[in-house]
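First the structure, in the form of structure tokens, and then the observations on it.
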Number of protein chains: 2
Amino acid sequence: MTDKYDALKLENQLCFPLYACAKEIVRKYKPFLDEIDLTYTQYIAMMVLWEREKINVKELGEYLYLDSGTLTPVLKKLEQKKYITRTRAKDDERNVIISLTKEGEMLRDKAVEVPKKMSACINIEPDEAVWLHKILYKLLEQSK
Amino acid sequence: MTDKYDALKLENQLCFPLYACAKEIVRKYKPFLDEIDLTYTQYIAMMVLWEREKINVKELGEYLYLDSGTLTPVLKKLEQKKYITRTRAKDDERNVIISLTKEGEMLRDKAVEVPKKMSACINIEPDEAVWLHKILYKLLEQSK
DNA sequence: GGCAATTCAATTGCATACAATTAAACTACC
DNA sequence: GGTAGTTTAATTGTATGCAATTGAATTGCC
């Protein structure tokens, strides 16, 4: 019951369900993120800022696995919305420092509801979630 | 050691590593897919075609979790490359039938090397891979 | 000190993704 | 048989993503 093309079957891929699952879950975030007027990419960028307050684009990109080509427009949007500021570092003008504004800080209290609402949408056993989390980070480590 | 914002920490998310992991793995495909001049989206579309030969856009979208807004331009590209044809169904002109061409069929022999090369790039225990596959499909089921 | 190499963010070009709308075709129902 | 509702792709508009390039700033090295 095997043929030489088995490896090409969609159902035999590991990448495909990963790709599809990520998209579907990000899509589920949308209604909740709409309430606080953030896209998913803006949301994860804010997440880092809430932890760090100040960070440059390169380091932010390392956290998020995104490059400046993606981040620059996202950060400009967040700047427009007054959640962050973008300023060249005095000591090294190549670096653009992203800083949280007071408005950005305040958004945190509204955003904290998002993960709560999401967890109600994803039906997964707690121990499976822990496992999945672990294995995904193990795979991510390989990309560094 | 917990605070009210713990749920907002990037490292506590399940969606983020899923999202990042999917992107990183798709990126790892790129050099192999470049060799056969396919993008990842074109590749997974071809994968379905190699299994099905004929399918309409809607049903293809259900397999791939993609809508016509994404698929139409992808399929037009594959048509340009002569791997598929797009024709309105005689019996119901709303349906666009995607069919594999002989060139598309022939590409399969080259494409079958891609999963082989990829598996050498992803370092994961076989039983973990099976488990991951299972849990991802379980999550995907919830999006139907 | 001066120049080559490196670093960083921004830009460009291309390819997704998806929500919302549109237009054409078909179905149901009377 | 006519019309309202439904279905299917395509289109439009917005937001990513990423490779490659650019330009400014900095560092290394002699």
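Ordering of the structure tokens sets the chain letters (A, B, ...); residue numbers start at 1 within each chain; ligands are numbered from 1 in the order shown.
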
Report chain B as a PDB file with C-alpha atoms, in the first residue's frame in the frame of chain A, after least-squares superposition over all C-alpha atoms paired in order.
ATOM      1  CA  MET B   1      -0.050  -0.002   0.011  1.00  0.00           C
ATOM      2  CA  THR B   2       2.859   2.344  -0.527  1.00  0.00           C
ATOM      3  CA  ASP B   3       4.063   3.921  -3.719  1.00  0.00           C
ATOM      4  CA  LYS B   4       7.077   5.985  -4.604  1.00  0.00           C
ATOM      5  CA  TYR B   5       5.092   9.211  -4.240  1.00  0.00           C
ATOM      6  CA  ASP B   6       3.933   8.619  -0.675  1.00  0.00           C
ATOM      7  CA  ALA B   7       6.327  11.247   0.635  1.00  0.00           C
ATOM      8  CA  LEU B   8       4.504  13.816  -1.500  1.00  0.00           C
ATOM      9  CA  LYS B   9       1.079  13.206  -0.020  1.00  0.00           C
ATOM     10  CA  LEU B  10      -0.311  16.228   1.772  1.00  0.00           C
ATOM     11  CA  GLU B  11      -1.431  14.076   4.675  1.00  0.00           C
ATOM     12  CA  ASN B  12       2.098  12.749   5.156  1.00  0.00           C
ATOM     13  CA  GLN B  13       3.645  16.177   5.570  1.00  0.00           C
ATOM     14  CA  LEU B  14       4.555  17.679   8.896  1.00  0.00           C
ATOM     15  CA  CYS B  15       4.996  21.190   7.549  1.00  0.00           C
ATOM     16  CA  PHE B  16       1.558  21.467   6.023  1.00  0.00           C
ATOM     17  CA  PRO B  17      -0.532  20.974   9.187  1.00  0.00           C
ATOM     18  CA  LEU B  18       1.873  23.288  10.977  1.00  0.00           C
ATOM     19  CA  TYR B  19       1.373  25.920   8.310  1.00  0.00           C
ATOM     20  CA  ALA B  20      -2.389  25.469   8.159  1.00  0.00           C
ATOM     21  CA  CYS B  21      -2.798  25.306  11.919  1.00  0.00           C
ATOM     22  CA  ALA B  22      -0.833  28.497  12.462  1.00  0.00           C
ATOM     23  CA  LYS B  23      -2.977  30.309   9.929  1.00  0.00           C
ATOM     24  CA  GLU B  24      -6.226  29.028  11.372  1.00  0.00           C
ATOM     25  CA  ILE B  25      -5.318  29.980  14.906  1.00  0.00           C
ATOM     26  CA  VAL B  26      -4.127  33.436  13.882  1.00  0.00           C
ATOM     27  CA  ARG B  27      -7.468  33.787  12.132  1.00  0.00           C
ATOM     28  CA  LYS B  28      -9.274  32.883  15.336  1.00  0.00           C
ATOM     29  CA  TYR B  29      -7.454  35.727  17.086  1.00  0.00           C
ATOM     30  CA  LYS B  30      -8.821  38.253  14.637  1.00  0.00           C
ATOM     31  CA  PRO B  31     -12.165  39.085  16.285  1.00  0.00           C
ATOM     32  CA  PHE B  32     -10.485  39.523  19.668  1.00  0.00           C
ATOM     33  CA  LEU B  33      -7.639  41.569  18.234  1.00  0.00           C
ATOM     34  CA  ASP B  34     -10.118  43.692  16.286  1.00  0.00           C
ATOM     35  CA  GLU B  35     -11.563  44.772  19.617  1.00  0.00           C
ATOM     36  CA  ILE B  36      -8.249  46.355  20.560  1.00  0.00           C
ATOM     37  CA  ASP B  37      -7.461  47.418  16.976  1.00  0.00           C
ATOM     38  CA  LEU B  38      -4.293  45.337  16.585  1.00  0.00           C
ATOM     39  CA  THR B  39      -3.281  42.884  13.887  1.00  0.00           C
ATOM     40  CA  TYR B  40      -1.594  39.651  14.969  1.00  0.00           C
ATOM     41  CA  THR B  41       1.860  40.913  14.010  1.00  0.00           C
ATOM     42  CA  GLN B  42       1.263  44.170  15.861  1.00  0.00           C
ATOM     43  CA  TYR B  43       0.053  42.149  18.844  1.00  0.00           C
ATOM     44  CA  ILE B  44       3.159  39.975  19.141  1.00  0.00           C
ATOM     45  CA  ALA B  45       5.357  43.034  18.711  1.00  0.00           C
ATOM     46  CA  MET B  46       3.481  44.751  21.561  1.00  0.00           C
ATOM     47  CA  MET B  47       3.869  41.609  23.641  1.00  0.00           C
ATOM     48  CA  VAL B  48       7.629  41.948  23.489  1.00  0.00           C
ATOM     49  CA  LEU B  49       7.392  45.656  24.255  1.00  0.00           C
ATOM     50  CA  TRP B  50       5.274  45.019  27.332  1.00  0.00           C
ATOM     51  CA  GLU B  51       8.060  42.793  28.597  1.00  0.00           C
ATOM     52  CA  ARG B  52      10.972  44.938  27.521  1.00  0.00           C
ATOM     53  CA  GLU B  53       9.838  48.572  27.299  1.00  0.00           C
ATOM     54  CA  LYS B  54      12.799  49.408  25.034  1.00  0.00           C
ATOM     55  CA  ILE B  55      14.325  47.346  22.256  1.00  0.00           C
ATOM     56  CA  ASN B  56      15.877  47.926  18.864  1.00  0.00           C
ATOM     57  CA  VAL B  57      14.462  46.562  15.632  1.00  0.00           C
ATOM     58  CA  LYS B  58      17.091  43.896  15.199  1.00  0.00           C
ATOM     59  CA  GLU B  59      16.621  42.405  18.650  1.00  0.00           C
ATOM     60  CA  LEU B  60      12.837  42.576  18.324  1.00  0.00           C
ATOM     61  CA  GLY B  61      13.215  40.697  15.054  1.00  0.00           C
ATOM     62  CA  GLU B  62      15.220  37.996  16.787  1.00  0.00           C
ATOM     63  CA  TYR B  63      12.436  37.483  19.312  1.00  0.00           C
ATOM     64  CA  LEU B  64       9.742  37.372  16.654  1.00  0.00           C
ATOM     65  CA  TYR B  65      11.643  35.641  13.839  1.00  0.00           C
ATOM     66  CA  LEU B  66      10.886  38.616  11.600  1.00  0.00           C
ATOM     67  CA  ASP B  67      13.201  40.906   9.643  1.00  0.00           C
ATOM     68  CA  SER B  68      13.228  44.664   9.201  1.00  0.00           C
ATOM     69  CA  GLY B  69      11.373  44.319   5.918  1.00  0.00           C
ATOM     70  CA  THR B  70       8.382  43.076   7.858  1.00  0.00           C
ATOM     71  CA  LEU B  71       8.872  44.977  11.074  1.00  0.00           C
ATOM     72  CA  THR B  72       9.492  48.480   9.735  1.00  0.00           C
ATOM     73  CA  PRO B  73       5.965  48.948   8.355  1.00  0.00           C
ATOM     74  CA  VAL B  74       4.408  47.223  11.391  1.00  0.00           C
ATOM     75  CA  LEU B  75       6.280  49.502  13.769  1.00  0.00           C
ATOM     76  CA  LYS B  76       5.348  52.572  11.754  1.00  0.00           C
ATOM     77  CA  LYS B  77       1.710  51.570  12.136  1.00  0.00           C
ATOM     78  CA  LEU B  78       2.109  51.142  15.899  1.00  0.00           C
ATOM     79  CA  GLU B  79       3.792  54.542  15.999  1.00  0.00           C
ATOM     80  CA  GLN B  80       0.840  56.099  14.157  1.00  0.00           C
ATOM     81  CA  LYS B  81      -1.435  54.553  16.756  1.00  0.00           C
ATOM     82  CA  LYS B  82       0.704  56.199  19.457  1.00  0.00           C
ATOM     83  CA  TYR B  83       1.534  52.930  21.181  1.00  0.00           C
ATOM     84  CA  ILE B  84       5.275  53.196  20.554  1.00  0.00           C
ATOM     85  CA  THR B  85       7.941  55.696  19.583  1.00  0.00           C
ATOM     86  CA  ARG B  86      10.803  55.096  17.139  1.00  0.00           C
ATOM     87  CA  THR B  87      13.996  57.013  17.774  1.00  0.00           C
ATOM     88  CA  ARG B  88      17.549  56.618  16.582  1.00  0.00           C
ATOM     89  CA  ALA B  89      19.902  55.682  19.409  1.00  0.00           C
ATOM     90  CA  LYS B  90      22.189  58.539  20.473  1.00  0.00           C
ATOM     91  CA  ASP B  91      25.225  56.334  20.942  1.00  0.00           C
ATOM     92  CA  ASP B  92      24.791  54.412  17.683  1.00  0.00           C
ATOM     93  CA  GLU B  93      22.581  56.022  15.103  1.00  0.00           C
ATOM     94  CA  ARG B  94      22.174  52.796  13.149  1.00  0.00           C
ATOM     95  CA  ASN B  95      19.873  51.501  15.864  1.00  0.00           C
ATOM     96  CA  VAL B  96      16.228  52.471  15.989  1.00  0.00           C
ATOM     97  CA  ILE B  97      14.965  52.161  19.539  1.00  0.00           C
ATOM     98  CA  ILE B  98      11.345  51.171  19.966  1.00  0.00           C
ATOM     99  CA  SER B  99       9.840  52.443  23.210  1.00  0.00           C
ATOM    100  CA  LEU B 100       6.452  51.920  24.755  1.00  0.00           C
ATOM    101  CA  THR B 101       4.335  55.052  25.220  1.00  0.00           C
ATOM    102  CA  LYS B 102       1.900  55.553  28.062  1.00  0.00           C
ATOM    103  CA  GLU B 103      -0.927  54.646  25.650  1.00  0.00           C
ATOM    104  CA  GLY B 104       0.942  51.492  24.721  1.00  0.00           C
ATOM    105  CA  GLU B 105       1.367  50.650  28.370  1.00  0.00           C
ATOM    106  CA  MET B 106      -2.323  51.205  28.988  1.00  0.00           C
ATOM    107  CA  LEU B 107      -3.317  48.914  26.137  1.00  0.00           C
ATOM    108  CA  ARG B 108      -1.858  46.052  28.127  1.00  0.00           C
ATOM    109  CA  ASP B 109      -4.840  45.872  30.455  1.00  0.00           C
ATOM    110  CA  LYS B 110      -7.180  45.404  27.541  1.00  0.00           C
ATOM    111  CA  ALA B 111      -4.866  43.003  25.740  1.00  0.00           C
ATOM    112  CA  VAL B 112      -4.626  40.696  28.712  1.00  0.00           C
ATOM    113  CA  GLU B 113      -8.171  39.568  27.972  1.00  0.00           C
ATOM    114  CA  VAL B 114      -7.154  38.268  24.536  1.00  0.00           C
ATOM    115  CA  PRO B 115      -5.282  35.128  25.673  1.00  0.00           C
ATOM    116  CA  LYS B 116      -8.121  34.332  28.038  1.00  0.00           C
ATOM    117  CA  LYS B 117     -10.673  34.518  25.258  1.00  0.00           C
ATOM    118  CA  MET B 118      -8.431  32.550  22.915  1.00  0.00           C
ATOM    119  CA  SER B 119      -7.856  29.681  25.282  1.00  0.00           C
ATOM    120  CA  ALA B 120     -11.592  29.199  25.413  1.00  0.00           C
ATOM    121  CA  CYS B 121     -11.532  28.784  21.614  1.00  0.00           C
ATOM    122  CA  ILE B 122      -8.801  26.198  21.378  1.00  0.00           C
ATOM    123  CA  ASN B 123      -9.768  22.796  22.543  1.00  0.00           C
ATOM    124  CA  ILE B 124      -6.602  21.084  23.697  1.00  0.00           C
ATOM    125  CA  GLU B 125      -5.681  19.033  26.756  1.00  0.00           C
ATOM    126  CA  PRO B 126      -3.396  20.959  29.124  1.00  0.00           C
ATOM    127  CA  ASP B 127      -0.693  18.304  29.007  1.00  0.00           C
ATOM    128  CA  GLU B 128      -0.881  18.203  25.222  1.00  0.00           C
ATOM    129  CA  ALA B 129      -0.514  21.965  25.137  1.00  0.00           C
ATOM    130  CA  VAL B 130       2.576  21.794  27.313  1.00  0.00           C
ATOM    131  CA  TRP B 131       4.048  19.076  25.138  1.00  0.00           C
ATOM    132  CA  LEU B 132       3.239  20.939  21.928  1.00  0.00           C
ATOM    133  CA  HIS B 133       4.798  24.086  23.321  1.00  0.00           C
ATOM    134  CA  LYS B 134       7.960  22.200  24.167  1.00  0.00           C
ATOM    135  CA  ILE B 135       8.353  20.463  20.844  1.00  0.00           C
ATOM    136  CA  LEU B 136       7.698  23.657  18.881  1.00  0.00           C
ATOM    137  CA  TYR B 137      10.378  25.527  20.792  1.00  0.00           C
ATOM    138  CA  LYS B 138      12.734  22.628  20.208  1.00  0.00           C
ATOM    139  CA  LEU B 139      12.124  22.965  16.472  1.00  0.00           C
ATOM    140  CA  LEU B 140      12.474  26.732  16.646  1.00  0.00           C
ATOM    141  CA  GLU B 141      15.846  26.389  18.345  1.00  0.00           C
ATOM    142  CA  GLN B 142      17.096  24.683  15.203  1.00  0.00           C
ATOM    143  CA  SER B 143      16.476  27.844  13.206  1.00  0.00           C
ATOM    144  CA  LYS B 144      18.875  29.933  15.226  1.00  0.00           C
TER     145      LYS B 144
END

Where does chain C meet chain A within 12 Å, residue by residue, with the nearest atom pair and distance in Å to one decimal for each, counting only C-alpha atoms (C1' of nucleotides), listed by chain and rising number, as JSON lines?
{"residue": "C:DT7", "atom": "C1'", "partner": "A:Arg94", "partner_atom": "CA", "distance": 7.9}
{"residue": "C:DC8", "atom": "C1'", "partner": "A:Arg94", "partner_atom": "CA", "distance": 5.1}
{"residue": "C:DA9", "atom": "C1'", "partner": "A:Ser68", "partner_atom": "CA", "distance": 6.5}
{"residue": "C:DA10", "atom": "C1'", "partner": "A:Thr72", "partner_atom": "CA", "distance": 7.3}
{"residue": "C:DT11", "atom": "C1'", "partner": "A:Gly69", "partner_atom": "CA", "distance": 8.1}
{"residue": "C:DT12", "atom": "C1'", "partner": "A:Gly69", "partner_atom": "CA", "distance": 9.8}
{"residue": "C:DG13", "atom": "C1'", "partner": "A:Gly69", "partner_atom": "CA", "distance": 11.6}
{"residue": "C:DT16", "atom": "C1'", "partner": "A:Lys23", "partner_atom": "CA", "distance": 12.0}
{"residue": "C:DA17", "atom": "C1'", "partner": "A:Lys23", "partner_atom": "CA", "distance": 8.7}
{"residue": "C:DC18", "atom": "C1'", "partner": "A:Arg27", "partner_atom": "CA", "distance": 8.7}
{"residue": "C:DA19", "atom": "C1'", "partner": "A:Lys30", "partner_atom": "CA", "distance": 10.8}

Please check the contacts: residues of chain D at most 8 Å away from chain B, using only C-alpha atoms (C1' of nucleotides), listed as a JSON list (two decimals) with N, CA and C atoms (P, O5', C5', C4', C3', O3' and C1' of nucleotides), in the first residue's frame.
[["chain", "number", "residue", "atom", "x", "y", "z"],
["D", 7, "DT", "P", -25.45, 27.95, -0.33],
["D", 7, "DT", "O5'", -24.55, 27.92, -1.64],
["D", 7, "DT", "C5'", -24.99, 27.15, -2.75],
["D", 7, "DT", "C4'", -24.04, 27.37, -3.90],
["D", 7, "DT", "C3'", -22.54, 27.34, -3.53],
["D", 7, "DT", "O3'", -21.92, 26.44, -4.42],
["D", 7, "DT", "C1'", -23.04, 29.27, -4.78],
["D", 8, "DT", "P", -20.48, 25.84, -4.11],
["D", 8, "DT", "O5'", -19.54, 26.69, -5.07],
["D", 8, "DT", "C5'", -19.69, 26.57, -6.48],
["D", 8, "DT", "C4'", -18.92, 27.66, -7.15],
["D", 8, "DT", "C3'", -17.47, 27.84, -6.66],
["D", 8, "DT", "O3'", -16.62, 27.38, -7.69],
["D", 8, "DT", "C1'", -18.59, 29.93, -6.97],
["D", 9, "DA", "P", -15.03, 27.15, -7.46],
["D", 9, "DA", "O5'", -14.42, 28.26, -8.41],
["D", 9, "DA", "C5'", -14.88, 29.52, -8.26],
["D", 9, "DA", "C4'", -14.48, 30.38, -9.43],
["D", 9, "DA", "C3'", -13.02, 30.86, -9.41],
["D", 9, "DA", "O3'", -12.65, 31.31, -10.70],
["D", 9, "DA", "C1'", -14.49, 32.55, -8.57],
["D", 10, "DA", "P", -11.17, 31.98, -10.90],
["D", 10, "DA", "O5'", -11.48, 33.53, -10.71],
["D", 10, "DA", "C5'", -12.37, 34.16, -11.61],
["D", 10, "DA", "C4'", -12.52, 35.62, -11.24],
["D", 10, "DA", "C3'", -11.20, 36.37, -11.07],
["D", 10, "DA", "O3'", -11.28, 37.54, -11.86],
["D", 10, "DA", "C1'", -12.61, 36.71, -9.17]]

Residue list (alpha helix (DSSP H), DSSP) for chain A, as a PyMOL selection string: chain A and resi 15-35+40-52+57-64+68-80+102-111+113-119+126-141

Chain B: residues DSSP assigns to strand (DSSP E or B), reported as a PyMOL selection string: chain B and resi 54-56+84-88+96-100

Hey, can you spit out that residue selection with N, CA and C atoms as a PDB file, in the first residue's frame?
ATOM      1  N   LYS B  54      -7.945  16.202 -10.976  1.00  0.00           N
ATOM      2  CA  LYS B  54      -8.927  17.249 -11.275  1.00  0.00           C
ATOM      3  C   LYS B  54      -9.623  17.685  -9.990  1.00  0.00           C
ATOM      4  N   ILE B  55      -9.806  18.981  -9.850  1.00  0.00           N
ATOM      5  CA  ILE B  55     -10.470  19.481  -8.641  1.00  0.00           C
ATOM      6  C   ILE B  55     -10.891  20.921  -8.916  1.00  0.00           C
ATOM      7  N   ASN B  56     -11.973  21.347  -8.296  1.00  0.00           N
ATOM      8  CA  ASN B  56     -12.330  22.762  -8.490  1.00  0.00           C
ATOM      9  C   ASN B  56     -11.701  23.612  -7.390  1.00  0.00           C
ATOM     10  N   ILE B  84      -0.725  23.257 -14.913  1.00  0.00           N
ATOM     11  CA  ILE B  84      -2.160  22.991 -14.777  1.00  0.00           C
ATOM     12  C   ILE B  84      -2.930  23.725 -15.865  1.00  0.00           C
ATOM     13  N   THR B  85      -4.189  23.326 -16.035  1.00  0.00           N
ATOM     14  CA  THR B  85      -5.113  24.119 -16.853  1.00  0.00           C
ATOM     15  C   THR B  85      -6.294  24.518 -15.980  1.00  0.00           C
ATOM     16  N   ARG B  86      -6.904  25.657 -16.328  1.00  0.00           N
ATOM     17  CA  ARG B  86      -8.090  26.147 -15.610  1.00  0.00           C
ATOM     18  C   ARG B  86      -9.220  26.271 -16.609  1.00  0.00           C
ATOM     19  N   THR B  87     -10.257  25.489 -16.423  1.00  0.00           N
ATOM     20  CA  THR B  87     -11.387  25.552 -17.357  1.00  0.00           C
ATOM     21  C   THR B  87     -12.708  25.545 -16.598  1.00  0.00           C
ATOM     22  N   ARG B  88     -13.656  26.325 -17.096  1.00  0.00           N
ATOM     23  CA  ARG B  88     -14.971  26.322 -16.483  1.00  0.00           C
ATOM     24  C   ARG B  88     -15.630  24.967 -16.738  1.00  0.00           C
ATOM     25  N   VAL B  96     -14.548  26.357 -11.608  1.00  0.00           N
ATOM     26  CA  VAL B  96     -13.324  26.323 -12.412  1.00  0.00           C
ATOM     27  C   VAL B  96     -12.583  25.033 -12.054  1.00  0.00           C
ATOM     28  N   ILE B  97     -12.418  24.184 -13.073  1.00  0.00           N
ATOM     29  CA  ILE B  97     -11.762  22.905 -12.834  1.00  0.00           C
ATOM     30  C   ILE B  97     -10.268  23.028 -13.087  1.00  0.00           C
ATOM     31  N   ILE B  98      -9.502  22.654 -12.082  1.00  0.00           N
ATOM     32  CA  ILE B  98      -8.044  22.656 -12.218  1.00  0.00           C
ATOM     33  C   ILE B  98      -7.622  21.241 -12.610  1.00  0.00           C
ATOM     34  N   SER B  99      -6.874  21.148 -13.714  1.00  0.00           N
ATOM     35  CA  SER B  99      -6.413  19.831 -14.158  1.00  0.00           C
ATOM     36  C   SER B  99      -4.906  19.834 -14.332  1.00  0.00           C
ATOM     37  N   LEU B 100      -4.307  18.716 -14.023  1.00  0.00           N
ATOM     38  CA  LEU B 100      -2.880  18.543 -14.180  1.00  0.00           C
ATOM     39  C   LEU B 100      -2.557  18.369 -15.667  1.00  0.00           C
TER      40      LEU B 100
END
